[in-house]
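Asks: Let me begin by handing over the structure; questions about it come next.
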Amino acid sequence: MKKLDLNGSVNLEQMQGTEEWYWSMDITNGDLYEAQELFQDGKTEGNHLYLIHYPDATIYPVPFKKGCYFGKPIYDNGIILLMVDFIENLISIFHFYPISFKWETIVQIPLCSIENCYNLQLRISPLTLIRQDNDFEIVWPEQVKFPIGTRESFCFRKEDKLYFSVWYEDPEYKEESIVRLLPKGSISQKFSGNVWLMPNGEIWNLKGERP
């Protein structure tokens with residue numbers, strides 16, 4: 001049995017885009033909206049992120065910085081970290097090299113360019129920064145914003161198509177998939193069930209229809 005000391009953090013999640021890396025985080029578990037509220041209320045000064053390599057269980061703690069909170073890390077030709085600095089009011093996306101502890105900035109975005117940090121997160125591929133509330137928004141590398149349904153959740157992007165899932169309870173619970181086209185978000189397709197983007201690029205449709 002391997003024992004990992006993550007300074008009290010007990011969650012462990014696989015990093016999107018790889019089977020080689022896992023991550024653990026204290027306080028917010030990557031929820032930057034919660035982080036924003038905690039910082040503004042003066043309850044915390046930042047969070048701690050730990051990267052764990054599989055299968056050797058080597059732990060790489062990401063350097064802590066006051067006022068900074070991490071979102072969920074992903075893997076896209078290397079480890080990509082999302083960090084919001086609520087002191088400098090800056091969103092940063094960067095490559096992180098755990099062995100050398102070096103950072104390579106990909107882009108920095110003023111925090112004032114978004115309404116808030118609700119559902120602010122990185123997605124692949126291509127590497128994209130999104131947020132979602134009553135609207136779906138691509139913050140970077142392009143700027144796109146359009147309204148979506150209250151029960152819609154973004155799944156993934158494939159070229160100029162955005163895949164969303166939506167749930168209903170009328171009268172029984174069911175799920176449906178919606179395909180929207182960039183840049184305006186117009187609906188091009190709807191079908192029953194949910195969709196998954198597999199590692200080889202295939203799209204699998206779980207129809208989920210009960211007999």
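Ordering of the structure tokens sets the chain letters (A, B, ...); residue numbers start at 1 within each chain; ligands are numbered from 1 in the order shown.
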I'd like the contact shell of Glu142 (chain A) - 10 Å cut-off, only C-alpha atoms, skipping same-chain residues fewer than 4 positions apart - returned as a ChimeraX atom specification.
Replies: /A:128-129,137-138,183
Asks: Do a neighbour search on Leu182 (chain A) at 8 Å with only C-alpha atoms, toss out local chain neighbours closer than 4 positions, and write the hits as a list in words.
Replies: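 Near neighbours after the sequence-gap exclusion: Asp160, Lys161, Leu162 and Ser186 of chain A.
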Asks: How would the residues just picked look written out with all heavy atoms as a short mmCIF file (atom, residue, chain, number, x, y, z; two decimals), in the first residue's frame?
Replies:
data_model
loop_
_atom_site.label_atom_id
_atom_site.label_comp_id
_atom_site.auth_asym_id
_atom_site.auth_seq_id
_atom_site.Cartn_x
_atom_site.Cartn_y
_atom_site.Cartn_z
N ASP A 160 -15.84 22.92 -34.89
CA ASP A 160 -16.73 24.06 -34.68
C ASP A 160 -18.04 23.66 -34.01
O ASP A 160 -18.99 24.45 -33.96
CB ASP A 160 -17.03 24.76 -36.01
CG ASP A 160 -17.79 23.88 -37.00
OD1 ASP A 160 -17.79 22.64 -36.81
OD2 ASP A 160 -18.38 24.42 -37.96
N LYS A 161 -18.08 22.43 -33.46
CA LYS A 161 -19.29 21.95 -32.80
C LYS A 161 -19.07 21.88 -31.29
O LYS A 161 -18.04 21.40 -30.83
CB LYS A 161 -19.67 20.57 -33.33
CG LYS A 161 -20.07 20.55 -34.80
CD LYS A 161 -20.44 19.15 -35.26
CE LYS A 161 -20.84 19.14 -36.73
NZ LYS A 161 -21.20 17.78 -37.20
N LEU A 162 -20.06 22.35 -30.56
CA LEU A 162 -20.05 22.29 -29.10
C LEU A 162 -21.15 21.35 -28.65
O LEU A 162 -22.31 21.51 -29.05
CB LEU A 162 -20.27 23.68 -28.49
CG LEU A 162 -19.26 24.76 -28.88
CD1 LEU A 162 -19.70 26.11 -28.32
CD2 LEU A 162 -17.87 24.41 -28.39
N SER A 186 -25.97 28.41 -32.49
CA SER A 186 -27.21 27.89 -33.08
C SER A 186 -27.26 26.38 -32.96
O SER A 186 -26.24 25.70 -33.09
CB SER A 186 -27.33 28.32 -34.54
OG SER A 186 -26.20 27.88 -35.27
#
Asks: So that I can see what lies close to region 24-30 of chain A, please list as a PyMOL selection string the residues with an atom at most 9 Å from it, counting only C-alpha atoms and leaving out residues fewer than 5 positions away in the same chain.
Replies: chain A and resi 6-13+35+44+46-52+69-73+121
Asks: What's around Pro147 (chain A) at 10 Å? Count only C-alpha atoms, leave out sequence neighbours fewer than 2 positions away in its own chain, and write the answer as an mmCIF file with all heavy atoms, in the first residue's frame.
Replies:
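Saved result, out.cif, follows:
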data_model
loop_
_atom_site.group_PDB
_atom_site.id
_atom_site.type_symbol
_atom_site.label_atom_id
_atom_site.label_comp_id
_atom_site.auth_asym_id
_atom_site.auth_seq_id
_atom_site.Cartn_x
_atom_site.Cartn_y
_atom_site.Cartn_z
ATOM 1 N N GLN A 132 -19.636 29.214 -17.580
ATOM 2 C CA GLN A 132 -21.036 28.952 -17.890
ATOM 3 C C GLN A 132 -21.919 29.342 -16.724
ATOM 4 O O GLN A 132 -21.677 28.981 -15.586
ATOM 5 C CB GLN A 132 -21.227 27.457 -18.206
ATOM 6 C CG GLN A 132 -22.651 27.058 -18.488
ATOM 7 C CD GLN A 132 -22.807 25.569 -18.722
ATOM 8 O OE1 GLN A 132 -21.924 24.928 -19.287
ATOM 9 N NE2 GLN A 132 -23.921 24.997 -18.288
ATOM 10 N N ASP A 133 -22.963 30.147 -17.006
ATOM 11 C CA ASP A 133 -24.072 30.370 -16.074
ATOM 12 C C ASP A 133 -25.345 30.334 -16.906
ATOM 13 O O ASP A 133 -25.705 29.269 -17.389
ATOM 14 C CB ASP A 133 -23.886 31.649 -15.251
ATOM 15 C CG ASP A 133 -23.484 32.853 -16.101
ATOM 16 O OD1 ASP A 133 -23.778 32.867 -17.306
ATOM 17 O OD2 ASP A 133 -22.885 33.793 -15.544
ATOM 18 N N ASN A 134 -26.005 31.477 -17.090
ATOM 19 C CA ASN A 134 -27.148 31.507 -18.014
ATOM 20 C C ASN A 134 -26.675 31.578 -19.466
ATOM 21 O O ASN A 134 -27.450 31.343 -20.390
ATOM 22 C CB ASN A 134 -28.054 32.696 -17.702
ATOM 23 C CG ASN A 134 -28.709 32.560 -16.349
ATOM 24 O OD1 ASN A 134 -29.060 31.459 -15.925
ATOM 25 N ND2 ASN A 134 -28.874 33.674 -15.650
ATOM 26 N N ASP A 135 -25.419 31.936 -19.632
ATOM 27 C CA ASP A 135 -24.793 31.968 -20.948
ATOM 28 C C ASP A 135 -23.623 30.982 -20.961
ATOM 29 O O ASP A 135 -23.062 30.656 -19.918
ATOM 30 C CB ASP A 135 -24.256 33.365 -21.279
ATOM 31 C CG ASP A 135 -25.357 34.398 -21.393
ATOM 32 O OD1 ASP A 135 -26.385 34.095 -22.035
ATOM 33 O OD2 ASP A 135 -25.202 35.500 -20.840
ATOM 34 N N PHE A 136 -23.268 30.545 -22.140
ATOM 35 C CA PHE A 136 -22.022 29.812 -22.321
ATOM 36 C C PHE A 136 -21.022 30.782 -22.923
ATOM 37 O O PHE A 136 -21.333 31.517 -23.866
ATOM 38 C CB PHE A 136 -22.201 28.613 -23.248
ATOM 39 C CG PHE A 136 -20.903 27.927 -23.572
ATOM 40 C CD1 PHE A 136 -20.328 27.066 -22.663
ATOM 41 C CD2 PHE A 136 -20.256 28.163 -24.772
ATOM 42 C CE1 PHE A 136 -19.122 26.441 -22.941
ATOM 43 C CE2 PHE A 136 -19.054 27.540 -25.063
ATOM 44 C CZ PHE A 136 -18.489 26.673 -24.142
ATOM 45 N N GLU A 137 -19.808 30.776 -22.381
ATOM 46 C CA GLU A 137 -18.808 31.743 -22.817
ATOM 47 C C GLU A 137 -17.459 31.066 -23.018
ATOM 48 O O GLU A 137 -16.990 30.335 -22.148
ATOM 49 C CB GLU A 137 -18.683 32.847 -21.767
ATOM 50 C CG GLU A 137 -17.707 33.945 -22.122
ATOM 51 C CD GLU A 137 -17.678 35.053 -21.087
ATOM 52 O OE1 GLU A 137 -18.422 34.958 -20.090
ATOM 53 O OE2 GLU A 137 -16.905 36.006 -21.283
ATOM 54 N N LYS A 145 -19.870 34.204 -26.841
ATOM 55 C CA LYS A 145 -20.845 34.177 -25.756
ATOM 56 C C LYS A 145 -22.245 34.090 -26.347
ATOM 57 O O LYS A 145 -22.589 34.845 -27.259
ATOM 58 C CB LYS A 145 -20.724 35.433 -24.883
ATOM 59 C CG LYS A 145 -21.561 35.402 -23.620
ATOM 60 C CD LYS A 145 -21.266 36.628 -22.761
ATOM 61 C CE LYS A 145 -22.037 36.602 -21.454
ATOM 62 N NZ LYS A 145 -21.724 37.790 -20.603
ATOM 63 N N GLY A 149 -29.809 26.934 -22.321
ATOM 64 C CA GLY A 149 -30.896 26.573 -21.422
ATOM 65 C C GLY A 149 -30.415 26.419 -19.989
ATOM 66 O O GLY A 149 -29.234 26.138 -19.730
ATOM 67 N N THR A 150 -31.329 26.566 -19.040
ATOM 68 C CA THR A 150 -30.968 26.499 -17.622
ATOM 69 C C THR A 150 -30.503 25.111 -17.200
ATOM 70 O O THR A 150 -29.804 24.980 -16.188
ATOM 71 C CB THR A 150 -32.154 26.918 -16.748
ATOM 72 O OG1 THR A 150 -33.282 26.069 -17.058
ATOM 73 C CG2 THR A 150 -32.531 28.368 -17.001
ATOM 74 N N LYS A 184 -22.183 31.420 -33.067
ATOM 75 C CA LYS A 184 -23.406 31.988 -32.513
ATOM 76 C C LYS A 184 -24.155 31.047 -31.585
ATOM 77 O O LYS A 184 -25.113 31.445 -30.927
ATOM 78 C CB LYS A 184 -24.326 32.460 -33.644
ATOM 79 C CG LYS A 184 -23.734 33.597 -34.461
ATOM 80 C CD LYS A 184 -24.706 34.096 -35.510
ATOM 81 C CE LYS A 184 -24.119 35.268 -36.290
ATOM 82 N NZ LYS A 184 -25.073 35.792 -37.325
ATOM 83 N N GLY A 185 -23.770 29.773 -31.558
ATOM 84 C CA GLY A 185 -24.437 28.832 -30.675
ATOM 85 C C GLY A 185 -25.746 28.307 -31.210
ATOM 86 O O GLY A 185 -26.560 27.765 -30.436
ATOM 87 N N SER A 186 -25.973 28.407 -32.494
ATOM 88 C CA SER A 186 -27.209 27.893 -33.079
ATOM 89 C C SER A 186 -27.255 26.376 -32.959
ATOM 90 O O SER A 186 -26.241 25.697 -33.095
ATOM 91 C CB SER A 186 -27.325 28.318 -34.542
ATOM 92 O OG SER A 186 -26.196 27.882 -35.269
#
Asks: Can you list, as a PyMOL selection string, every residue of chain A that DSSP puts in strand (DSSP E or B)?
Replies: chain A and resi 13-14+16+21-25+46+49-53+58-61+68-70+74-75+79-85+90-97+102-110+121-123+128-132+135-140+144-147+152-158+161-169+173-181+186-192+194-197+203-206
Asks: Let's see if you can do this: from backbone DSSP, list all alpha helix (DSSP H) residues in region 7-120 of chain A, as a list in words.
Replies: Leu32, Tyr33, Glu34, Ala35, Gln36, Glu37, Leu38, Phe39 and Gln40 of chain A
Asks: Determine the nearest neighbour of Ala57 (chain A) from the options A:Tyr75, A:Trp23, A:Phe86, A:Phe39, counting only C-alpha atoms.
Replies: A:Trp23
Asks: Using only C-alpha atoms, which of the listed residues (A:Gly42, A:Pro110, A:Pro141, A:Pro126) sits closest to Met83 (chain A)?
Replies: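 Selected residue with least distance to Met83 (chain A): A:Pro110.
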Asks: Identify which of the residues A:Gly17, A:Tyr60, A:Ile80, A:Phe164 lies closest to Gly201 (chain A), counting only C-alpha atoms when measuring atom-to-atom distances.
Replies: A:Gly17
Asks: Could you give me, as a list in words, the residues within 10 Å of Ser92 (chain A), counting only C-alpha atoms and dropping anything in the same chain fewer than 2 positions from it?
Replies: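 Result of the neighbour search: Phe70, Leu81, Leu82, Met83, Val84, Asp85, Asn89, Leu90, Phe94, Thr105, Ile106, Val107, Gln108, Ile109, Pro110 and Leu111 of chain A.
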Asks: Which value, in Å to one decimal, gives the distance between CA of His53 (chain A) and CA of Thr18 (chain A)?
Replies: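 These atoms are spaced 10.7 Å apart.
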Asks: Please determine, counting only C-alpha atoms, which residue among A:Trp21, A:Tyr97, A:Phe146, A:Phe156 has the shortest atom-to-atom distance to Arg123 (chain A).
Replies: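 Looking only at the distances to Arg123 (chain A), the closest residue turns out to be A:Phe156.
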Asks: Skipping near chain neighbours, those fewer than 5 positions away, what residues fall within 8 Å of Ser125 (chain A) using only C-alpha atoms, listed as a compact mmCIF listing (two decimals) with C-alpha atoms, in the first residue's frame?
Replies:
# COMPACT_ATOMS: atom_id res chain seq x y z
CA ASP A 76 -2.73 18.95 -23.13
CA ARG A 157 -15.83 20.74 -28.28
CA LYS A 158 -15.03 19.05 -31.59
Asks: So how far away is CA of Leu32 (chain A) from CA of Ile114 (chain A), in Å?
Replies: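 Separation between CA of Ile114 (chain A) and CA of Leu32 (chain A): 12.6 Å.
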Asks: Quick one: everything within 9 Å of Pro98 (chain A), counting only C-alpha atoms, minus sequence neighbours fewer than 4 positions away in the same chain. Send it as a tab-separated table (two decimals) with N, CA and C atoms, in the first residue's frame.
Replies:
chain	number	residue	atom	x	y	z
A	51	LEU	N	0.26	17.70	-7.46
A	51	LEU	CA	0.24	16.84	-8.63
A	51	LEU	C	0.87	15.51	-8.25
A	60	TYR	N	4.20	16.19	-6.37
A	60	TYR	CA	4.81	17.46	-6.77
A	60	TYR	C	3.90	18.60	-6.30
A	61	PRO	N	4.22	19.24	-5.18
A	61	PRO	CA	3.39	20.36	-4.73
A	61	PRO	C	3.64	21.60	-5.59
A	62	VAL	N	2.57	22.22	-6.05
A	62	VAL	CA	2.69	23.46	-6.83
A	62	VAL	C	2.94	24.60	-5.85
A	79	ILE	N	1.31	19.47	-18.62
A	79	ILE	CA	0.39	19.87	-17.57
A	79	ILE	C	0.04	21.34	-17.71
A	102	LYS	N	9.24	24.70	-12.88
A	102	LYS	CA	9.25	25.90	-13.72
A	102	LYS	C	7.85	26.17	-14.28
A	103	TRP	N	7.57	27.45	-14.50
A	103	TRP	CA	6.30	27.89	-15.06
A	103	TRP	C	6.55	28.53	-16.41
Asks: Closest to Asp31 (chain A) among A:Lys43, A:Asp56, A:Tyr118, A:Lys65, using only C-alpha atoms?
Replies: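 Nearest to Asp31 (chain A): A:Tyr118.
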Asks: Just give me the gap between CA of Lys66 (chain A) and CA of Glu37 (chain A) in Å, one decimal is fine.
Replies: 15.3 Å
